[in-house]
Amino acid sequence: MVEMVRGDSPVLVIGLGRFGAACAGELDRLDREVLAIDENLELVQKWSDRVTHTVQADARNMDALRQIGAQDFQVAVVAVGSLIEASVLITANLVDLKVPQIWAKAVSQSHGKILARVGANHVIYPEREAGERVAHLVSGRMLDFIRFDDDFVLAKMYPPKFIRGIGLNQSGVRTKYNVTVVGVKSPGKPFRYAEADTVVTNHDLIIVSGTNGDIERFAGLDR
């Protein structure tokens, strides 16, 4: 069973390539305490002024992990996915140190299966997920797109013409297309939750939810 951890727990990020550095930098921006490590001294120095703590260390070495206090962290991100053998060994080390939450980057399905088997709680496929997202965006129908594991999708798009100027309860979005309008963004105003009587205008953006197939069909309607 996955152990629950506090939302403000310090995070150990292993690997300061593009993915790891972006993760560590964003966590730092969100005021999370971060210890980022990499065996490459240049990368450690590059990120030393942008992340709470950076240390040069080889996470494949259990003694090195103990010395930096990895066993005291509740959350760790293994961001060295392109080095498959290293990522598996590091993940196994963190499991042995009983780190409750381990997020690990994978570069392939088989790599992800191995990471899960050695004990990673969450396996991330950033290249695949980015590729899927871009494919939906370049179609021109959506402005943003997130798909979850159970085929549930959140998407930002311009509203089809048939739902403009009338209340959402009159448009039949949910009953006809199995899509729910979650929020509406009007120019110069923040997003607001959509309600049954919300009226969408020509200048609005909408956030919708539903299955991938339903969202694709809805996005393809006349605009």
# chains A, B, ... in the order shown; residues from 1 in each chain; ligands from 1
call {"tool": "residues_around", "arguments": {"residues": "Phe218 (chain A)", "least_positions_apart": "3", "cutoff": "12 Å", "atoms": "only C-alpha atoms", "output": "PyMOL selection string"}}
result
chain A and resi 141-142+155-163+172-174+176-181+208-215+221-223
call {"tool": "write_last_selection", "arguments": {"atoms": "N, CA, C and O atoms", "output": "compact mmCIF listing (two decimals), in the first residue's frame"}}
result
# COMPACT_ATOMS: atom_id res chain seq x y z
N ARG A 141 -7.37 21.80 -32.93
CA ARG A 141 -8.68 21.78 -32.29
C ARG A 141 -8.61 22.14 -30.81
O ARG A 141 -9.58 22.61 -30.25
N MET A 142 -7.46 21.88 -30.19
CA MET A 142 -7.33 22.11 -28.75
C MET A 142 -6.15 23.03 -28.47
O MET A 142 -5.16 23.04 -29.20
N ALA A 155 -9.32 19.16 -21.42
CA ALA A 155 -8.84 19.90 -22.58
C ALA A 155 -9.33 21.34 -22.55
O ALA A 155 -10.43 21.62 -22.07
N LYS A 156 -8.48 22.23 -23.07
CA LYS A 156 -8.86 23.64 -23.22
C LYS A 156 -9.05 23.91 -24.70
O LYS A 156 -8.20 23.54 -25.52
N MET A 157 -10.16 24.55 -25.05
CA MET A 157 -10.46 24.79 -26.46
C MET A 157 -11.42 25.97 -26.62
O MET A 157 -11.99 26.46 -25.64
N TYR A 158 -11.58 26.38 -27.87
CA TYR A 158 -12.64 27.34 -28.18
C TYR A 158 -13.96 26.59 -28.25
O TYR A 158 -14.01 25.44 -28.70
N PRO A 159 -15.05 27.19 -27.82
CA PRO A 159 -16.33 26.47 -27.80
C PRO A 159 -16.92 26.30 -29.20
O PRO A 159 -16.84 27.21 -30.03
N PRO A 160 -17.51 25.16 -29.49
CA PRO A 160 -18.25 25.00 -30.76
C PRO A 160 -19.37 26.04 -30.84
O PRO A 160 -19.90 26.48 -29.82
N LYS A 161 -19.73 26.40 -32.04
CA LYS A 161 -20.73 27.46 -32.22
C LYS A 161 -22.07 27.14 -31.57
O LYS A 161 -22.76 28.03 -31.07
N PHE A 162 -22.45 25.85 -31.57
CA PHE A 162 -23.80 25.52 -31.11
C PHE A 162 -24.01 25.73 -29.62
O PHE A 162 -25.14 25.76 -29.16
N ILE A 163 -22.93 25.89 -28.84
CA ILE A 163 -23.12 26.12 -27.40
C ILE A 163 -22.97 27.59 -27.03
O ILE A 163 -23.13 27.95 -25.87
N GLY A 172 -27.13 20.90 -24.38
CA GLY A 172 -27.08 19.44 -24.45
C GLY A 172 -25.69 18.85 -24.57
O GLY A 172 -25.52 17.74 -25.09
N VAL A 173 -24.68 19.59 -24.12
CA VAL A 173 -23.30 19.12 -24.23
C VAL A 173 -23.11 17.77 -23.55
O VAL A 173 -22.58 16.83 -24.14
N ARG A 174 -23.60 17.66 -22.33
CA ARG A 174 -23.37 16.43 -21.58
C ARG A 174 -24.25 15.29 -22.08
O ARG A 174 -23.79 14.15 -22.22
N LYS A 176 -25.76 14.90 -25.10
CA LYS A 176 -25.54 14.51 -26.49
C LYS A 176 -24.13 14.02 -26.77
O LYS A 176 -23.92 13.15 -27.63
N TYR A 177 -23.16 14.59 -26.07
CA TYR A 177 -21.76 14.32 -26.41
C TYR A 177 -20.95 13.70 -25.27
O TYR A 177 -19.75 13.45 -25.42
N ASN A 178 -21.59 13.47 -24.11
CA ASN A 178 -20.90 12.88 -22.95
C ASN A 178 -19.68 13.69 -22.52
O ASN A 178 -18.69 13.14 -22.05
N VAL A 179 -19.77 15.00 -22.69
CA VAL A 179 -18.68 15.91 -22.34
C VAL A 179 -19.19 16.91 -21.31
O VAL A 179 -20.33 17.39 -21.42
N THR A 180 -18.37 17.21 -20.33
CA THR A 180 -18.75 18.19 -19.31
C THR A 180 -17.89 19.45 -19.44
O THR A 180 -16.66 19.36 -19.51
N VAL A 181 -18.54 20.60 -19.51
CA VAL A 181 -17.82 21.87 -19.49
C VAL A 181 -17.51 22.20 -18.04
O VAL A 181 -18.41 22.44 -17.24
N VAL A 208 -13.00 21.40 -20.82
CA VAL A 208 -13.97 20.31 -20.86
C VAL A 208 -13.33 19.02 -20.37
O VAL A 208 -12.11 18.85 -20.44
N SER A 209 -14.16 18.10 -19.89
CA SER A 209 -13.67 16.80 -19.44
C SER A 209 -14.52 15.70 -20.05
O SER A 209 -15.68 15.90 -20.40
N GLY A 210 -13.91 14.52 -20.18
CA GLY A 210 -14.60 13.37 -20.74
C GLY A 210 -13.59 12.33 -21.17
O GLY A 210 -12.39 12.48 -20.93
N THR A 211 -14.04 11.28 -21.84
CA THR A 211 -13.10 10.28 -22.35
C THR A 211 -12.37 10.85 -23.57
O THR A 211 -12.83 11.83 -24.19
N ASN A 212 -11.26 10.24 -23.92
CA ASN A 212 -10.48 10.71 -25.05
C ASN A 212 -11.31 10.75 -26.34
O ASN A 212 -11.29 11.74 -27.07
N GLY A 213 -12.06 9.68 -26.60
CA GLY A 213 -12.86 9.63 -27.81
C GLY A 213 -13.94 10.69 -27.85
O GLY A 213 -14.15 11.35 -28.88
N ASP A 214 -14.63 10.89 -26.73
CA ASP A 214 -15.70 11.89 -26.68
C ASP A 214 -15.13 13.30 -26.84
O ASP A 214 -15.74 14.14 -27.51
N ILE A 215 -14.00 13.54 -26.22
CA ILE A 215 -13.39 14.88 -26.33
C ILE A 215 -12.96 15.15 -27.77
O ILE A 215 -13.14 16.24 -28.31
N LEU A 221 -16.28 19.31 -33.73
CA LEU A 221 -17.53 19.93 -34.16
C LEU A 221 -17.29 21.31 -34.74
O LEU A 221 -16.28 21.96 -34.46
N ASP A 222 -18.23 21.78 -35.54
CA ASP A 222 -18.10 23.06 -36.24
C ASP A 222 -17.84 24.19 -35.26
O ASP A 222 -18.53 24.36 -34.25
N ARG A 223 -16.84 25.01 -35.58
CA ARG A 223 -16.50 26.16 -34.77
C ARG A 223 -16.79 27.45 -35.49
O ARG A 223 -16.48 28.50 -35.09
call {"tool": "residues_around", "arguments": {"residues": "region 82-84 of chain A", "least_positions_apart": "2", "cutoff": "9 Å", "atoms": "only C-alpha atoms", "output": "JSON, numbers by chain"}}
result
{"A": [79, 80, 86, 87, 88, 89, 105, 106, 107, 111]}
call {"tool": "write_last_selection", "arguments": {"atoms": "N, CA, C and O atoms", "output": "PDB file, in the first residue's frame"}}
result
ATOM      1  N   ALA A  79      15.227  10.906 -11.936  1.00  0.00           N
ATOM      2  CA  ALA A  79      15.078  11.583 -13.227  1.00  0.00           C
ATOM      3  C   ALA A  79      16.168  11.208 -14.220  1.00  0.00           C
ATOM      4  O   ALA A  79      16.447  11.956 -15.150  1.00  0.00           O
ATOM      5  N   VAL A  80      16.790  10.028 -14.049  1.00  0.00           N
ATOM      6  CA  VAL A  80      17.887   9.604 -14.925  1.00  0.00           C
ATOM      7  C   VAL A  80      17.409   8.507 -15.867  1.00  0.00           C
ATOM      8  O   VAL A  80      18.100   7.531 -16.107  1.00  0.00           O
ATOM      9  N   ALA A  86      21.173   2.512 -14.582  1.00  0.00           N
ATOM     10  CA  ALA A  86      21.361   3.382 -13.421  1.00  0.00           C
ATOM     11  C   ALA A  86      20.032   3.712 -12.759  1.00  0.00           C
ATOM     12  O   ALA A  86      19.924   3.704 -11.531  1.00  0.00           O
ATOM     13  N   SER A  87      18.986   3.982 -13.555  1.00  0.00           N
ATOM     14  CA  SER A  87      17.699   4.363 -12.974  1.00  0.00           C
ATOM     15  C   SER A  87      17.095   3.206 -12.178  1.00  0.00           C
ATOM     16  O   SER A  87      16.494   3.410 -11.127  1.00  0.00           O
ATOM     17  N   VAL A  88      17.272   1.984 -12.676  1.00  0.00           N
ATOM     18  CA  VAL A  88      16.747   0.819 -11.964  1.00  0.00           C
ATOM     19  C   VAL A  88      17.509   0.616 -10.651  1.00  0.00           C
ATOM     20  O   VAL A  88      16.900   0.363  -9.602  1.00  0.00           O
ATOM     21  N   LEU A  89      18.825   0.732 -10.701  1.00  0.00           N
ATOM     22  CA  LEU A  89      19.632   0.549  -9.501  1.00  0.00           C
ATOM     23  C   LEU A  89      19.325   1.621  -8.459  1.00  0.00           C
ATOM     24  O   LEU A  89      19.177   1.326  -7.268  1.00  0.00           O
ATOM     25  N   LYS A 105      11.391   8.175 -13.805  1.00  0.00           N
ATOM     26  CA  LYS A 105      11.227   8.429 -15.237  1.00  0.00           C
ATOM     27  C   LYS A 105      11.588   7.182 -16.032  1.00  0.00           C
ATOM     28  O   LYS A 105      12.608   6.542 -15.782  1.00  0.00           O
ATOM     29  N   ALA A 106      10.747   6.831 -17.011  1.00  0.00           N
ATOM     30  CA  ALA A 106      11.006   5.688 -17.887  1.00  0.00           C
ATOM     31  C   ALA A 106      11.048   6.153 -19.337  1.00  0.00           C
ATOM     32  O   ALA A 106      10.367   7.109 -19.719  1.00  0.00           O
ATOM     33  N   VAL A 107      11.845   5.446 -20.140  1.00  0.00           N
ATOM     34  CA  VAL A 107      11.950   5.795 -21.556  1.00  0.00           C
ATOM     35  C   VAL A 107      11.213   4.802 -22.450  1.00  0.00           C
ATOM     36  O   VAL A 107      11.125   5.006 -23.657  1.00  0.00           O
ATOM     37  N   HIS A 111      10.985  -0.622 -19.712  1.00  0.00           N
ATOM     38  CA  HIS A 111      11.730   0.061 -18.654  1.00  0.00           C
ATOM     39  C   HIS A 111      10.797   0.404 -17.496  1.00  0.00           C
ATOM     40  O   HIS A 111      11.125   0.197 -16.317  1.00  0.00           O
TER      41      HIS A 111
END
call {"tool": "atom_distance", "arguments": {"atom1": "CA of Phe145 (chain A)", "atom2": "CA of Tyr125 (chain A)"}}
result
15.8 Å
call {"tool": "atom_distance", "arguments": {"atom1": "CA of Glu216 (chain A)", "atom2": "CA of Arg192 (chain A)"}}
result
23.1 Å
call {"tool": "residues_around", "arguments": {"residues": "region 116-118 of chain A", "least_positions_apart": "2", "cutoff": "12 Å", "atoms": "only C-alpha atoms", "output": "list in words"}}
result
Ser87, Val88, Leu89, Ile90, Thr91, Ala92, Asn93, Leu94, Val95, Asp96, Ile102, Trp103, Ala104, Lys105, Ala106, Gln109, Ser110, His111, Gly112, Lys113, Ile114, Ala120, Asn121, His122, Val123 and Ile124 of chain A
call {"tool": "atom_distance", "arguments": {"atom1": "CA of Arg128 (chain A)", "atom2": "CA of Glu26 (chain A)"}}
result
20.6 Å
call {"tool": "residues_around", "arguments": {"residues": "Glu39 (chain A)", "least_positions_apart": "6", "cutoff": "8 Å", "atoms": "only C-alpha atoms", "output": "ChimeraX atom specification"}}
result
/A:15,56-59
call {"tool": "select_by_dssp", "arguments": {"residues": "region 29-188 of chain A", "states": "alpha helix (DSSP H)", "output": "ChimeraX atom specification"}}
result
/A:29,41-46,62-67,84-96,109-118,126-138,168-171,173-177
call {"tool": "select_by_dssp", "arguments": {"residues": "region 30-119 of chain A", "states": "strand (DSSP E or B)", "output": "PyMOL selection string"}}
result
chain A and resi 34-38+53-56+75-78+101-105
call {"tool": "write_last_selection", "arguments": {"atoms": "C-alpha atoms", "output": "short mmCIF file (atom, residue, chain, number, x, y, z; two decimals), in the first residue's frame"}}
result
data_model
loop_
_atom_site.label_atom_id
_atom_site.label_comp_id
_atom_site.auth_asym_id
_atom_site.auth_seq_id
_atom_site.Cartn_x
_atom_site.Cartn_y
_atom_site.Cartn_z
CA VAL A 34 14.54 20.33 -2.66
CA LEU A 35 17.80 18.42 -2.58
CA ALA A 36 18.94 17.82 -6.15
CA ILE A 37 21.89 15.54 -6.81
CA ASP A 38 23.87 14.56 -9.87
CA HIS A 53 20.24 22.43 -2.19
CA THR A 54 22.43 20.73 -4.80
CA VAL A 55 25.05 18.08 -4.14
CA GLN A 56 27.42 16.11 -6.31
CA VAL A 75 9.48 11.72 -1.64
CA ALA A 76 12.12 11.07 -4.30
CA VAL A 77 12.19 11.63 -8.07
CA VAL A 78 14.52 9.44 -10.14
CA GLN A 101 7.09 7.75 -2.45
CA ILE A 102 9.35 7.10 -5.45
CA TRP A 103 8.63 8.73 -8.81
CA ALA A 104 10.79 7.34 -11.63
CA LYS A 105 11.23 8.43 -15.24
#
call {"tool": "closest_residue", "arguments": {"among": "A:Ile207, A:Val134, A:Val11, A:Leu41", "to": "Phe73 (chain A)", "atoms": "only C-alpha atoms"}}
result
A:Val11
call {"tool": "closest_residue", "arguments": {"among": "A:Val184, A:Ala64, A:Val99, A:Leu30", "to": "Asp8 (chain A)", "atoms": "only C-alpha atoms"}}
result
A:Leu30
call {"tool": "closest_residue", "arguments": {"among": "A:Gln45, A:Gln74, A:Thr198, A:Asn61", "to": "Val13 (chain A)", "atoms": "only C-alpha atoms"}}
result
A:Gln74
call {"tool": "decode", "arguments": {"residues": "region 35-49 of chain A", "atoms": "N, CA, C and O atoms", "output": "CSV table (one decimal), in the first residue's frame"}}
result
chain,number,residue,atom,x,y,z
A,35,LEU,N,16.4,18.8,-2.5
A,35,LEU,CA,17.8,18.4,-2.6
A,35,LEU,C,18.0,17.7,-3.9
A,35,LEU,O,17.4,16.7,-4.2
A,36,ALA,N,18.7,18.4,-4.8
A,36,ALA,CA,18.9,17.8,-6.2
A,36,ALA,C,20.4,17.3,-6.2
A,36,ALA,O,21.3,18.0,-5.9
A,37,ILE,N,20.5,16.1,-6.7
A,37,ILE,CA,21.9,15.5,-6.8
A,37,ILE,C,22.2,15.0,-8.2
A,37,ILE,O,21.2,14.6,-9.0
A,38,ASP,N,23.4,15.1,-8.6
A,38,ASP,CA,23.9,14.6,-9.9
A,38,ASP,C,25.4,14.3,-9.7
A,38,ASP,O,26.1,14.9,-9.0
A,39,GLU,N,25.8,13.3,-10.5
A,39,GLU,CA,27.3,13.0,-10.4
A,39,GLU,C,28.1,13.9,-11.2
A,39,GLU,O,29.3,14.0,-11.1
A,40,ASN,N,27.4,14.7,-12.1
A,40,ASN,CA,28.1,15.7,-13.0
A,40,ASN,C,28.2,17.0,-12.2
A,40,ASN,O,27.2,17.7,-11.9
A,41,LEU,N,29.5,17.4,-11.9
A,41,LEU,CA,29.7,18.6,-11.1
A,41,LEU,C,29.2,19.9,-11.8
A,41,LEU,O,28.7,20.8,-11.2
A,42,GLU,N,29.4,19.9,-13.1
A,42,GLU,CA,29.0,21.1,-13.9
A,42,GLU,C,27.5,21.3,-13.8
A,42,GLU,O,27.0,22.5,-13.6
A,43,LEU,N,26.7,20.3,-13.8
A,43,LEU,CA,25.2,20.4,-13.7
A,43,LEU,C,24.9,20.8,-12.3
A,43,LEU,O,24.0,21.7,-12.1
A,44,VAL,N,25.5,20.3,-11.3
A,44,VAL,CA,25.3,20.7,-9.9
A,44,VAL,C,25.6,22.2,-9.7
A,44,VAL,O,24.8,22.9,-9.1
A,45,GLN,N,26.7,22.6,-10.2
A,45,GLN,CA,27.0,24.1,-10.1
A,45,GLN,C,26.1,24.9,-10.9
A,45,GLN,O,25.7,26.0,-10.4
A,46,LYS,N,25.6,24.5,-12.0
A,46,LYS,CA,24.7,25.2,-12.9
A,46,LYS,C,23.4,25.5,-12.1
A,46,LYS,O,22.8,26.6,-12.2
A,47,TRP,N,22.9,24.5,-11.4
A,47,TRP,CA,21.6,24.7,-10.7
A,47,TRP,C,21.7,25.0,-9.2
A,47,TRP,O,20.7,25.1,-8.6
A,48,SER,N,22.9,25.3,-8.8
A,48,SER,CA,23.1,25.6,-7.3
A,48,SER,C,22.4,26.9,-6.9
A,48,SER,O,22.0,27.0,-5.7
A,49,ASP,N,22.2,27.8,-7.8
A,49,ASP,CA,21.6,29.1,-7.4
A,49,ASP,C,20.1,29.1,-7.7
A,49,ASP,O,19.4,30.1,-7.5
